[in-house]
>>> print(open('entry22.cif').read())   # mmCIF, C-alpha atoms and all ligand atoms
data_input
#
loop_
_atom_site.label_atom_id
_atom_site.label_comp_id
_atom_site.auth_asym_id
_atom_site.auth_seq_id
_atom_site.Cartn_x
_atom_site.Cartn_y
_atom_site.Cartn_z
CA MET A 284 73.77 132.93 79.12
CA SER A 285 76.59 134.31 76.95
CA ARG A 286 77.99 137.81 77.70
CA VAL A 287 77.67 138.58 73.97
CA PRO A 288 74.21 137.43 72.82
CA GLY A 289 74.49 134.70 70.18
CA SER A 290 78.26 134.36 70.58
CA VAL A 291 80.48 132.41 72.99
CA GLY A 292 83.72 134.02 74.21
CA LEU A 293 86.69 131.71 73.55
CA GLY A 294 90.02 131.87 75.37
CA VAL A 295 92.76 130.48 73.13
CA VAL A 296 95.85 129.06 74.84
CA GLY A 297 98.76 128.80 72.37
CA MET A 298 99.40 131.10 69.43
CA GLY A 299 102.06 129.15 67.57
CA ARG A 300 101.88 127.57 64.13
CA HIS A 301 98.39 126.16 64.66
CA GLY A 302 97.03 128.43 67.42
CA SER A 303 97.61 131.44 65.18
CA ARG A 304 95.21 129.87 62.66
CA TYR A 305 92.50 129.71 65.35
CA VAL A 306 93.20 133.32 66.30
CA LYS A 307 93.14 134.53 62.70
CA HIS A 308 89.84 132.81 61.88
CA LEU A 309 88.24 134.08 65.10
CA LEU A 310 89.37 137.63 64.31
CA ASP A 311 88.00 137.25 60.76
CA GLY A 312 84.70 136.10 62.30
CA VAL A 313 83.25 132.65 62.99
CA PRO A 314 79.48 132.33 63.56
CA GLY A 315 78.54 131.67 67.18
CA CYS A 316 81.87 132.52 68.82
CA HIS A 317 84.47 135.27 69.23
CA LEU A 318 87.99 135.66 70.59
CA ALA A 319 87.75 136.75 74.25
CA ALA A 320 91.38 136.25 75.42
CA VAL A 321 94.69 134.69 74.45
CA SER A 322 97.66 133.15 76.24
CA ARG A 323 101.19 132.28 75.11
CA THR A 324 104.64 132.16 76.75
CA ASP A 325 106.09 135.09 74.75
CA THR A 326 104.79 138.01 76.83
CA ALA A 327 106.13 140.72 74.48
CA ALA A 328 104.31 139.16 71.53
CA GLY A 329 101.20 138.66 73.69
CA ARG A 330 101.11 142.32 74.76
CA ALA A 331 101.74 143.48 71.20
CA PHE A 332 98.76 141.35 70.14
CA THR A 333 96.53 143.05 72.72
CA GLU A 334 97.64 146.49 71.49
CA ARG A 335 96.89 145.55 67.90
CA HIS A 336 93.56 143.77 68.39
CA GLY A 337 92.25 144.88 71.80
CA VAL A 338 91.93 141.25 72.95
CA PRO A 339 93.22 140.63 76.51
CA PHE A 340 96.44 138.63 76.86
CA PHE A 341 97.33 136.50 79.91
CA ALA A 342 100.85 135.22 80.37
CA ASP A 343 99.48 132.55 82.70
CA TRP A 344 96.87 130.36 81.02
CA ARG A 345 95.40 129.54 84.48
CA GLU A 346 94.27 133.14 84.77
CA LEU A 347 92.72 133.06 81.31
CA VAL A 348 90.72 129.95 82.25
CA THR A 349 89.07 131.68 85.23
CA ARG A 350 88.19 134.99 83.50
CA SER A 351 84.44 135.55 83.18
CA GLU A 352 84.69 136.75 79.57
CA VAL A 353 86.23 133.37 78.70
CA GLU A 354 83.19 131.12 78.40
CA ALA A 355 85.04 128.22 76.76
CA VAL A 356 88.73 127.27 76.46
CA VAL A 357 90.64 126.25 73.33
CA ALA A 358 93.98 124.47 73.93
CA VAL A 359 96.50 124.66 71.06
CA THR A 360 99.73 124.11 72.99
CA PRO A 361 102.28 121.29 73.00
CA PRO A 362 100.07 118.36 74.08
CA GLY A 363 101.93 117.87 77.38
CA LEU A 364 99.83 120.79 78.71
CA ASN A 365 96.44 119.39 77.64
CA ARG A 366 95.78 117.49 80.85
CA ASP A 367 96.38 120.45 83.17
CA ILE A 368 94.40 122.84 80.96
CA CYS A 369 91.52 120.36 80.78
CA LEU A 370 91.40 119.74 84.54
CA SER A 371 91.52 123.50 85.26
CA ALA A 372 88.79 124.24 82.73
CA ALA A 373 86.63 121.47 84.23
CA ARG A 374 87.16 122.92 87.74
CA ALA A 375 86.13 126.34 86.41
CA GLY A 376 83.02 124.80 84.76
CA LYS A 377 84.21 125.83 81.28
CA PRO A 378 83.65 123.73 78.12
CA MET A 379 86.77 123.07 76.11
CA LEU A 380 88.09 122.30 72.65
CA ILE A 381 91.43 120.51 72.84
CA GLU A 382 93.79 119.96 69.93
CA LYS A 383 94.86 116.45 69.07
CA PRO A 384 96.38 114.33 70.48
CA LEU A 385 93.94 114.70 73.34
CA ALA A 386 96.46 113.32 75.83
CA LEU A 387 99.95 111.86 76.05
CA THR A 388 98.66 108.55 77.45
CA VAL A 389 95.39 106.65 77.83
CA ALA A 390 95.53 107.12 81.62
CA GLU A 391 95.76 110.92 81.24
CA GLY A 392 93.04 110.97 78.61
CA ARG A 393 90.72 108.94 80.82
CA GLU A 394 91.32 111.37 83.69
CA MET A 395 90.45 114.30 81.39
CA VAL A 396 87.29 112.74 79.97
CA ASP A 397 86.11 111.76 83.46
CA ALA A 398 86.84 115.26 84.84
CA ALA A 399 84.84 116.95 82.06
CA ARG A 400 81.96 114.52 82.54
CA ALA A 401 81.94 114.98 86.35
CA ALA A 402 81.93 118.77 85.88
CA GLY A 403 79.14 118.52 83.30
CA VAL A 404 81.11 120.47 80.66
CA LEU A 405 81.58 119.70 76.97
CA LEU A 406 84.94 118.36 75.84
CA MET A 407 85.60 118.29 72.11
CA THR A 408 88.77 116.88 70.53
CA ALA A 409 89.99 118.82 67.50
CA GLN A 410 90.45 115.83 65.19
CA THR A 411 90.35 118.25 62.30
CA LEU A 412 90.70 115.68 59.51
CA ARG A 413 87.13 114.50 60.17
CA PHE A 414 85.90 117.82 58.83
CA THR A 415 87.79 117.55 55.54
CA PRO A 416 85.17 117.64 52.75
CA VAL A 417 86.98 115.17 50.47
CA LEU A 418 87.06 112.60 53.30
CA GLU A 419 83.40 113.15 54.08
CA ARG A 420 82.74 112.47 50.38
CA LEU A 421 84.90 109.33 50.49
CA ARG A 422 82.91 108.14 53.49
CA SER A 423 79.53 108.71 51.84
CA SER A 424 80.80 106.96 48.65
CA LEU A 425 81.86 103.75 50.44
CA PRO A 426 78.64 101.89 49.44
CA LEU A 427 79.74 102.27 45.78
CA ILE A 428 82.74 99.97 46.33
CA ALA A 429 81.20 97.65 48.96
CA PRO A 430 82.03 95.35 50.49
CA LEU A 431 85.11 97.06 51.93
CA GLU A 432 88.22 94.85 52.04
CA TYR A 433 90.71 97.18 53.69
CA LEU A 434 91.85 100.80 54.24
CA SER A 435 95.30 102.14 53.43
CA LEU A 436 96.07 105.56 54.95
CA THR A 437 99.20 107.65 54.46
CA MET A 438 100.42 110.93 55.89
CA ARG A 439 103.86 112.30 55.03
CA ALA A 440 104.90 115.80 56.01
CA GLU A 441 107.99 117.95 56.32
CA ARG A 442 109.65 118.24 59.71
CA PRO A 443 108.78 121.57 61.43
CA PRO A 444 111.41 123.31 63.59
CA HIS A 445 109.65 122.72 66.97
CA THR A 446 112.06 121.19 69.49
CA TRP A 447 109.17 119.91 71.68
CA LEU A 448 108.32 117.37 68.98
CA ASP A 449 111.39 115.35 69.98
CA ASP A 450 110.65 115.60 73.72
CA PRO A 451 108.48 112.71 75.01
CA ALA A 452 107.46 114.75 78.10
CA GLN A 453 105.85 117.39 75.88
CA ALA A 454 104.84 115.35 72.85
CA GLY A 455 104.13 111.95 74.41
CA GLY A 456 105.42 110.14 71.33
CA GLY A 457 106.63 110.81 67.84
CA VAL A 458 105.02 111.25 64.48
CA LEU A 459 102.40 108.54 65.09
CA LEU A 460 100.89 110.32 68.09
CA GLU A 461 101.48 113.78 66.64
CA ILE A 462 100.00 113.51 63.13
CA GLY A 463 99.28 109.79 62.70
CA ILE A 464 96.54 110.27 65.31
CA HIS A 465 94.48 111.92 62.54
CA LEU A 466 94.58 108.67 60.57
CA LEU A 467 93.85 106.48 63.59
CA ASP A 468 90.75 108.56 64.28
CA LEU A 469 89.88 108.44 60.56
CA ILE A 470 89.74 104.63 60.71
CA ARG A 471 86.96 104.88 63.32
CA TYR A 472 85.24 107.71 61.43
CA LEU A 473 85.23 105.91 58.06
CA THR A 474 84.31 102.43 59.29
CA GLY A 475 82.29 103.14 62.45
CA GLU A 476 84.27 100.29 64.00
CA GLU A 477 86.72 99.93 66.85
CA ALA A 478 90.24 98.53 66.44
CA VAL A 479 90.83 95.38 68.43
CA GLU A 480 94.48 94.64 67.58
CA ALA A 481 97.52 96.72 66.61
CA ALA A 482 100.95 95.90 65.23
CA GLY A 483 103.72 97.93 63.70
CA GLU A 484 107.22 99.23 63.44
CA MET A 485 108.78 102.61 64.23
CA ASP A 486 111.99 104.23 63.04
CA ARG A 487 114.03 107.29 64.00
CA ARG A 488 115.60 108.74 60.89
CA HIS A 489 116.32 112.32 61.99
CA THR A 490 114.99 112.36 65.56
CA ALA A 491 116.82 111.37 68.73
CA ARG A 492 114.10 110.30 71.14
CA VAL A 493 110.83 109.64 69.31
CA GLU A 494 109.94 108.05 65.95
CA ASP A 495 109.66 110.10 62.78
CA LEU A 496 108.55 107.15 60.63
CA ALA A 497 105.89 104.61 61.58
CA GLN A 498 104.20 101.79 59.72
CA VAL A 499 101.36 100.27 61.69
CA ARG A 500 98.34 98.09 61.06
CA PHE A 501 95.10 97.36 62.84
CA ARG A 502 92.51 94.66 62.82
CA LEU A 503 89.00 95.98 63.47
CA ALA A 504 86.19 94.25 65.34
CA SER A 505 84.77 92.82 62.05
CA GLY A 506 88.23 91.52 61.05
CA LEU A 507 88.81 94.38 58.55
CA PRO A 508 92.51 95.24 58.21
CA CYS A 509 93.74 98.88 58.11
CA TYR A 510 97.26 99.92 57.15
CA VAL A 511 98.79 103.24 58.20
CA GLU A 512 102.06 104.88 57.13
CA VAL A 513 103.11 108.17 58.67
CA SER A 514 106.37 110.11 58.54
CA ARG A 515 108.05 113.46 58.90
CA VAL A 516 111.08 112.85 56.74
CA SER A 517 109.91 113.99 53.29
CA GLY A 518 110.08 117.17 51.31
CA GLY A 519 106.50 118.06 50.50
CA ARG A 520 103.30 116.69 51.89
CA VAL A 521 101.01 113.80 51.09
CA CYS A 522 97.83 112.81 52.91
CA ARG A 523 95.99 109.99 51.22
CA ALA A 524 93.12 107.73 52.17
CA GLU A 525 92.48 104.67 50.03
CA ALA A 526 89.45 102.47 50.51
CA VAL A 527 89.73 99.13 48.76
CA GLY A 528 86.48 97.34 48.06
CA GLN A 529 85.33 94.36 45.98
CA ALA A 530 83.35 96.64 43.63
CA GLY A 531 86.14 99.22 43.19
CA GLN A 532 88.50 101.58 44.97
CA LEU A 533 88.23 105.13 46.31
CA LEU A 534 91.36 107.27 46.48
CA ALA A 535 91.25 110.59 48.35
CA ASP A 536 94.14 113.00 47.90
CA VAL A 537 93.48 115.27 50.87
CA ASP A 538 95.95 118.07 50.14
CA ARG A 539 94.63 118.48 46.62
CA SER A 540 91.02 117.68 47.65
CA LEU A 541 90.56 115.12 44.86
CA LEU A 542 88.46 111.97 45.04
CA THR A 543 88.90 109.28 42.42
CA ARG A 544 86.86 106.11 42.05
CA ILE A 545 88.45 103.23 40.18
CA GLU A 546 86.42 100.44 38.61
CA GLY A 547 88.38 97.73 36.87
CA ARG A 548 91.22 99.55 35.09
CA ALA A 549 89.18 102.72 34.48
CA ILE A 550 88.57 105.93 36.39
CA ALA A 551 84.82 105.69 36.99
CA ALA A 552 84.65 109.16 38.61
CA ALA A 553 87.07 111.93 39.50
CA GLU A 554 85.88 114.85 41.56
CA SER A 555 87.53 118.00 42.84
CA VAL A 556 85.74 118.58 46.15
CA PRO A 557 85.47 122.22 47.32
CA ASP A 558 87.55 122.63 50.48
CA ARG A 559 87.28 124.94 53.49
CA PRO A 560 89.72 125.60 56.35
CA ALA A 561 89.25 122.76 58.84
CA VAL A 562 89.77 125.05 61.85
CA VAL A 563 86.77 127.17 60.83
CA MET A 564 84.55 124.09 60.58
CA VAL A 565 85.82 122.80 63.94
CA LEU A 566 85.09 126.16 65.60
CA GLU A 567 81.65 126.37 63.98
CA ALA A 568 80.78 122.87 65.21
CA PHE A 569 82.07 123.59 68.73
CA ALA A 570 80.12 126.88 68.92
CA ARG A 571 76.97 125.18 67.60
CA SER A 572 77.16 122.55 70.35
CA LEU A 573 77.74 125.24 72.98
CA MET A 574 74.78 127.27 71.77
CA THR A 575 72.33 124.39 71.26
CA GLY A 576 73.51 121.79 73.78
CA ALA A 577 73.87 119.26 70.93
CA PRO A 578 76.64 116.65 71.38
CA VAL A 579 80.03 117.68 70.00
CA PRO A 580 80.87 115.91 66.71
CA VAL A 581 84.22 114.60 68.05
CA SER A 582 84.05 113.85 71.75
CA GLY A 583 86.69 113.44 74.42
CA GLU A 584 85.99 109.70 74.21
CA ASP A 585 86.80 109.82 70.49
CA GLY A 586 90.08 111.58 71.25
CA LEU A 587 90.84 109.01 73.92
CA ARG A 588 90.19 106.03 71.63
CA ALA A 589 92.64 107.39 69.06
CA VAL A 590 95.26 107.75 71.82
CA ALA A 591 94.54 104.13 72.86
CA MET A 592 95.19 103.00 69.26
CA ALA A 593 98.53 104.87 69.21
CA GLU A 594 99.50 103.50 72.62
CA ALA A 595 98.81 99.94 71.41
CA CYS A 596 101.07 100.55 68.37
CA TYR A 597 103.93 101.74 70.60
CA ARG A 598 103.59 98.65 72.77
CA ALA A 599 103.36 96.37 69.72
CA ALA A 600 106.52 97.93 68.25
CA ARG A 601 108.39 97.55 71.57
CA GLU A 602 107.30 93.94 72.02
CA GLY A 603 107.66 93.03 68.34
CA ARG A 604 104.22 91.37 68.19
CA PRO A 605 100.56 92.32 67.67
CA VAL A 606 98.84 93.46 70.88
CA PRO A 607 95.19 94.14 71.80
CA VAL A 608 93.96 97.74 71.69
CA ASN A 609 92.65 98.89 75.07
CA ARG A 610 88.92 99.06 74.31
CA THR A 611 87.90 100.01 77.82
CA ALA A 612 89.91 103.22 77.45
N1 LIG A 701 94.69 119.64 63.94
C1 LIG A 701 95.70 120.00 63.18
O1 LIG A 701 95.65 119.92 61.96
C2 LIG A 701 96.95 120.51 63.84
C3 LIG A 701 97.95 121.12 63.07
C4 LIG A 701 99.08 121.60 63.74
C5 LIG A 701 99.19 121.45 65.12
N2 LIG A 701 98.19 120.85 65.82
C6 LIG A 701 98.28 120.70 67.29
O2 LIG A 701 98.27 122.00 67.87
C7 LIG A 701 99.10 122.01 69.03
C8 LIG A 701 100.13 123.12 68.90
O3 LIG A 701 100.95 122.85 67.78
P1 LIG A 701 101.77 124.03 67.07
O4 LIG A 701 102.33 123.43 65.83
O5 LIG A 701 100.94 125.24 66.97
O6 LIG A 701 102.94 124.24 68.13
P2 LIG A 701 103.79 125.59 68.34
O7 LIG A 701 103.93 126.32 67.05
O8 LIG A 701 105.03 125.15 69.06
O9 LIG A 701 102.88 126.46 69.29
C9 LIG A 701 102.71 126.13 70.63
C10 LIG A 701 102.11 127.35 71.31
O10 LIG A 701 101.88 127.02 72.69
C11 LIG A 701 102.30 128.13 73.46
N3 LIG A 701 102.65 127.66 74.80
C12 LIG A 701 103.58 126.75 75.16
N4 LIG A 701 103.61 126.62 76.51
C13 LIG A 701 102.66 127.48 76.98
C14 LIG A 701 102.21 127.83 78.27
N5 LIG A 701 102.74 127.28 79.37
N6 LIG A 701 101.24 128.78 78.39
C15 LIG A 701 100.68 129.35 77.30
N7 LIG A 701 101.07 129.06 76.03
C16 LIG A 701 102.05 128.13 75.89
C17 LIG A 701 103.49 128.70 72.73
O11 LIG A 701 103.68 130.04 73.13
P3 LIG A 701 104.88 130.98 72.51
O12 LIG A 701 104.71 130.95 71.03
O13 LIG A 701 104.63 132.32 73.07
O14 LIG A 701 106.14 130.33 72.99
C18 LIG A 701 103.04 128.56 71.28
O15 LIG A 701 102.30 129.70 70.91
C19 LIG A 701 99.68 120.62 69.13
O16 LIG A 701 98.87 119.85 70.00
C20 LIG A 701 99.57 120.06 67.74
O17 LIG A 701 99.45 118.65 67.71
C21 LIG A 701 97.08 120.39 65.20
#
>>> encode(input="entry22.cif", output="structure tokens")
Amino acid sequence: MSRVPGSVGLGVVGMGRHGSRYVKHLLDGVPGCHLAAVSRTDTAAGRAFTERHGVPFFADWRELVTRSEVEAVVAVTPPGLNRDICLSAARAGKPMLIEKPLALTVAEGREMVDAARAAGVLLMTAQTLRFTPVLERLRSSLPLIAPLEYLSLTMRAERPPHTWLDDPAQAGGGVLLEIGIHLLDLIRYLTGEEAVEAAGEMDRRHTARVEDLAQVRFRLASGLPCYVEVSRVSGGRVCRAEAVGQAGQLLADVDRSLLTRIEGRAIAAAESVPDRPAVVMVLEAFARSLMTGAPVPVSGEDGLRAVAMAEACYRAAREGRPVPVNRTA
């Protein structure tokens, strides 16, 4: 039974670039949930936040997790903290929404998923790209170009100033695990299939310890190939999903929310798909599952499988040959 009828109290850990989006949307109002507490390392900023909004701040996220007003935990920190936050939330019997990548490694992710299951609490992975309306539309339009021959997915973004991105202990990997994970999950979401084999190459253009450019490819269980390019070396941002079929091609420009269908040499359809902030849709879905007991739309297992795909790519790049994706992950 929630302390506020019809609304679940969320404790948000991390108020940086992305966590501040969660906080803003929760303060603006999201059906089924409200902001019950926050945690960050900057105590002065945390206390100032409490003064401004009347929401309790905890310098130690462990304290936030155990507070009774926090009925579910949202982790938006550097991913190196996800495992500890997840295990603590499971021990406290609290459901959790964890930002991608779910874990730094498959072994950690498995431990997290098992802990949540043993505790009987929901674990949702915030693979936010799944909620993007233009990609949902691409998915529902796939029959128009069937049979599908391959997917080509691209994500290029500017490099943010975070130093943890170049620290394997906090980030687990480079751009592939950090933002490419969206595209790896998208392969499963669009095709409903698992990847069986991965190959690829990584490059460090401006980073010292992890890749900032990756080109990888997968073979799915049906034999379907999928090609993924991801980088943080560009000015400007491109996120594109292209589905190539025998009866035509679908091109989704995610940042501009445009879906184009090509038939022969002509544009058969071009649609501007109304967009909404992904974080709001993720929070709505999480709150709905908490209130109704319905399964979360992106599970811990889903988060884990995307990490397994990334891990296979790293191994393939190191060994210079295609390797199997760990499907028992
Ligand atoms: N789904 C998406 O589209 C999307 C987009 C962007 C990021 N993300 C994910 O969101 C996560 C955070 O990324 P970001 O860009 O927001 O990083 P960020 O700007 O560096 O923010 C990290 C936050 O974590 C807080 N933090 C670090 N250690 C902590 C600790 N021990 N206790 C409490 N708080 C702690 C920091 O607190 P201080 O600020 O006080 O130091 C900061 O607020 C990452 O997992 C990233 O992959 C997802």
>>> atom_distance(input="entry22.cif", atom1="CA of Arg335 in chain A", atom2="atom C16 of ligand LIG 701 (chain A)")
19.8 Å
>>> atom_distance(input="entry22.cif", atom1="CA of Leu405 in chain A", atom2="CA of Pro560 in chain A")
22.9 Å
>>> residues_near_ligand(input="entry22.cif", ligand="ligand LIG 701 (chain A)", cutoff="9 Å", atoms="all atoms listed in the file", output="VMD selection string")
chain A and resid 295 to 304 321 to 329 341 to 345 358 to 365 381 to 385 409 to 412 443 to 448 454 460 to 462 465 561 to 562
>>> write_last_selection(input="entry22.cif", atoms="C-alpha atoms", output="tab-separated table (two decimals), keeping the file's coordinate frame")
chain	number	residue	atom	x	y	z
A	295	VAL	CA	92.76	130.48	73.13
A	296	VAL	CA	95.85	129.06	74.84
A	297	GLY	CA	98.76	128.80	72.37
A	298	MET	CA	99.40	131.10	69.43
A	299	GLY	CA	102.06	129.15	67.57
A	300	ARG	CA	101.88	127.57	64.13
A	301	HIS	CA	98.39	126.16	64.66
A	302	GLY	CA	97.03	128.43	67.42
A	303	SER	CA	97.61	131.44	65.18
A	304	ARG	CA	95.21	129.87	62.66
A	321	VAL	CA	94.69	134.69	74.45
A	322	SER	CA	97.66	133.15	76.24
A	323	ARG	CA	101.19	132.28	75.11
A	324	THR	CA	104.64	132.16	76.75
A	325	ASP	CA	106.09	135.09	74.75
A	326	THR	CA	104.79	138.01	76.83
A	327	ALA	CA	106.13	140.72	74.48
A	328	ALA	CA	104.31	139.16	71.53
A	329	GLY	CA	101.20	138.66	73.69
A	341	PHE	CA	97.33	136.50	79.91
A	342	ALA	CA	100.85	135.22	80.37
A	343	ASP	CA	99.48	132.55	82.70
A	344	TRP	CA	96.87	130.36	81.02
A	345	ARG	CA	95.40	129.54	84.48
A	358	ALA	CA	93.98	124.47	73.93
A	359	VAL	CA	96.50	124.66	71.06
A	360	THR	CA	99.73	124.11	72.99
A	361	PRO	CA	102.28	121.29	73.00
A	362	PRO	CA	100.07	118.36	74.08
A	363	GLY	CA	101.93	117.87	77.38
A	364	LEU	CA	99.83	120.79	78.71
A	365	ASN	CA	96.44	119.39	77.64
A	381	ILE	CA	91.43	120.51	72.84
A	382	GLU	CA	93.79	119.96	69.93
A	383	LYS	CA	94.86	116.45	69.07
A	384	PRO	CA	96.38	114.33	70.48
A	385	LEU	CA	93.94	114.70	73.34
A	409	ALA	CA	89.99	118.82	67.50
A	410	GLN	CA	90.45	115.83	65.19
A	411	THR	CA	90.35	118.25	62.30
A	412	LEU	CA	90.70	115.68	59.51
A	443	PRO	CA	108.78	121.57	61.43
A	444	PRO	CA	111.41	123.31	63.59
A	445	HIS	CA	109.65	122.72	66.97
A	446	THR	CA	112.06	121.19	69.49
A	447	TRP	CA	109.17	119.91	71.68
A	448	LEU	CA	108.32	117.37	68.98
A	454	ALA	CA	104.84	115.35	72.85
A	460	LEU	CA	100.89	110.32	68.09
A	461	GLU	CA	101.48	113.78	66.64
A	462	ILE	CA	100.00	113.51	63.13
A	465	HIS	CA	94.48	111.92	62.54
A	561	ALA	CA	89.25	122.76	58.84
A	562	VAL	CA	89.77	125.05	61.85
>>> residues_around(input="entry22.cif", residues="range 554-559 of chain A", least_positions_apart="3", cutoff="10 Å", atoms="only C-alpha atoms", output="JSON, numbers by chain")
{"A": [414, 415, 416, 417, 418, 419, 420, 535, 536, 537, 538, 539, 540, 541, 542, 543, 544, 562, 563, 564]}
>>> residues_around(input="entry22.cif", residues="Ala599 in chain A", least_positions_apart="4", cutoff="7 Å", atoms="all atoms listed in the file", output="list in words")
Ala481, Ala482, Gly483, Ala595, Gly603, Arg604, Pro605 and Val606 of chain A
>>> atom_distance(input="entry22.cif", atom1="CA of Met379 in chain A", atom2="CA of Met407 in chain A")
6.3 Å
>>> closest_residue(input="entry22.cif", among="A:Val389, A:Ala526, A:Cys509, A:Leu533", to="Ala612 in chain A", atoms="all atoms listed in the file")
A:Val389
>>> residues_near_point(input="entry22.cif", point="(86.9, 131.5, 80.4)", cutoff="12 Å", atoms="all atoms listed in the file", output="PDB file with C-alpha atoms, keeping the file's coordinate frame")
ATOM      1  CA  SER A 285      76.590 134.310  76.950  1.00  0.00           C
ATOM      2  CA  ARG A 286      77.990 137.810  77.700  1.00  0.00           C
ATOM      3  CA  VAL A 291      80.480 132.410  72.990  1.00  0.00           C
ATOM      4  CA  GLY A 292      83.720 134.020  74.210  1.00  0.00           C
ATOM      5  CA  LEU A 293      86.690 131.710  73.550  1.00  0.00           C
ATOM      6  CA  GLY A 294      90.020 131.870  75.370  1.00  0.00           C
ATOM      7  CA  VAL A 295      92.760 130.480  73.130  1.00  0.00           C
ATOM      8  CA  VAL A 296      95.850 129.060  74.840  1.00  0.00           C
ATOM      9  CA  LEU A 318      87.990 135.660  70.590  1.00  0.00           C
ATOM     10  CA  ALA A 319      87.750 136.750  74.250  1.00  0.00           C
ATOM     11  CA  ALA A 320      91.380 136.250  75.420  1.00  0.00           C
ATOM     12  CA  VAL A 321      94.690 134.690  74.450  1.00  0.00           C
ATOM     13  CA  SER A 322      97.660 133.150  76.240  1.00  0.00           C
ATOM     14  CA  PRO A 339      93.220 140.630  76.510  1.00  0.00           C
ATOM     15  CA  PHE A 341      97.330 136.500  79.910  1.00  0.00           C
ATOM     16  CA  TRP A 344      96.870 130.360  81.020  1.00  0.00           C
ATOM     17  CA  ARG A 345      95.400 129.540  84.480  1.00  0.00           C
ATOM     18  CA  GLU A 346      94.270 133.140  84.770  1.00  0.00           C
ATOM     19  CA  LEU A 347      92.720 133.060  81.310  1.00  0.00           C
ATOM     20  CA  VAL A 348      90.720 129.950  82.250  1.00  0.00           C
ATOM     21  CA  THR A 349      89.070 131.680  85.230  1.00  0.00           C
ATOM     22  CA  ARG A 350      88.190 134.990  83.500  1.00  0.00           C
ATOM     23  CA  SER A 351      84.440 135.550  83.180  1.00  0.00           C
ATOM     24  CA  GLU A 352      84.690 136.750  79.570  1.00  0.00           C
ATOM     25  CA  VAL A 353      86.230 133.370  78.700  1.00  0.00           C
ATOM     26  CA  GLU A 354      83.190 131.120  78.400  1.00  0.00           C
ATOM     27  CA  ALA A 355      85.040 128.220  76.760  1.00  0.00           C
ATOM     28  CA  VAL A 356      88.730 127.270  76.460  1.00  0.00           C
ATOM     29  CA  VAL A 357      90.640 126.250  73.330  1.00  0.00           C
ATOM     30  CA  ALA A 358      93.980 124.470  73.930  1.00  0.00           C
ATOM     31  CA  ILE A 368      94.400 122.840  80.960  1.00  0.00           C
ATOM     32  CA  SER A 371      91.520 123.500  85.260  1.00  0.00           C
ATOM     33  CA  ALA A 372      88.790 124.240  82.730  1.00  0.00           C
ATOM     34  CA  ALA A 373      86.630 121.470  84.230  1.00  0.00           C
ATOM     35  CA  ARG A 374      87.160 122.920  87.740  1.00  0.00           C
ATOM     36  CA  ALA A 375      86.130 126.340  86.410  1.00  0.00           C
ATOM     37  CA  GLY A 376      83.020 124.800  84.760  1.00  0.00           C
ATOM     38  CA  LYS A 377      84.210 125.830  81.280  1.00  0.00           C
ATOM     39  CA  PRO A 378      83.650 123.730  78.120  1.00  0.00           C
ATOM     40  CA  MET A 379      86.770 123.070  76.110  1.00  0.00           C
TER      41      MET A 379
END
>>> closest_residue(input="entry22.cif", among="A:Arg520, A:Arg413, A:Arg502, A:Arg571", to="Gly586 in chain A", atoms="only C-alpha atoms")
A:Arg413
>>> build_atoms(input="entry22.cif", residues="range 303-313 of chain A", atoms="N, CA and C atoms", output="PDB file, in the coordinates of the input")
ATOM      1  N   SER A 303      97.796 130.182  65.902  1.00  0.00           N
ATOM      2  CA  SER A 303      97.610 131.440  65.180  1.00  0.00           C
ATOM      3  C   SER A 303      96.546 131.304  64.096  1.00  0.00           C
ATOM      4  N   ARG A 304      96.318 130.075  63.627  1.00  0.00           N
ATOM      5  CA  ARG A 304      95.210 129.870  62.660  1.00  0.00           C
ATOM      6  C   ARG A 304      93.870 130.079  63.375  1.00  0.00           C
ATOM      7  N   TYR A 305      93.742 129.508  64.578  1.00  0.00           N
ATOM      8  CA  TYR A 305      92.500 129.710  65.350  1.00  0.00           C
ATOM      9  C   TYR A 305      92.260 131.210  65.550  1.00  0.00           C
ATOM     10  N   VAL A 306      93.323 131.886  65.985  1.00  0.00           N
ATOM     11  CA  VAL A 306      93.200 133.320  66.300  1.00  0.00           C
ATOM     12  C   VAL A 306      92.804 134.098  65.048  1.00  0.00           C
ATOM     13  N   LYS A 307      93.450 133.808  63.939  1.00  0.00           N
ATOM     14  CA  LYS A 307      93.140 134.530  62.700  1.00  0.00           C
ATOM     15  C   LYS A 307      91.677 134.325  62.292  1.00  0.00           C
ATOM     16  N   HIS A 308      91.223 133.068  62.306  1.00  0.00           N
ATOM     17  CA  HIS A 308      89.840 132.810  61.880  1.00  0.00           C
ATOM     18  C   HIS A 308      88.848 133.464  62.834  1.00  0.00           C
ATOM     19  N   LEU A 309      89.161 133.447  64.139  1.00  0.00           N
ATOM     20  CA  LEU A 309      88.240 134.080  65.100  1.00  0.00           C
ATOM     21  C   LEU A 309      88.206 135.586  64.877  1.00  0.00           C
ATOM     22  N   LEU A 310      89.358 136.185  64.574  1.00  0.00           N
ATOM     23  CA  LEU A 310      89.370 137.630  64.310  1.00  0.00           C
ATOM     24  C   LEU A 310      88.613 137.941  63.009  1.00  0.00           C
ATOM     25  N   ASP A 311      88.732 137.043  62.032  1.00  0.00           N
ATOM     26  CA  ASP A 311      88.000 137.250  60.760  1.00  0.00           C
ATOM     27  C   ASP A 311      86.501 137.105  60.967  1.00  0.00           C
ATOM     28  N   GLY A 312      86.121 136.289  62.006  1.00  0.00           N
ATOM     29  CA  GLY A 312      84.700 136.100  62.300  1.00  0.00           C
ATOM     30  C   GLY A 312      84.248 134.672  62.045  1.00  0.00           C
ATOM     31  N   VAL A 313      83.811 134.003  63.101  1.00  0.00           N
ATOM     32  CA  VAL A 313      83.250 132.650  62.990  1.00  0.00           C
ATOM     33  C   VAL A 313      81.882 132.700  63.671  1.00  0.00           C
TER      34      VAL A 313
END
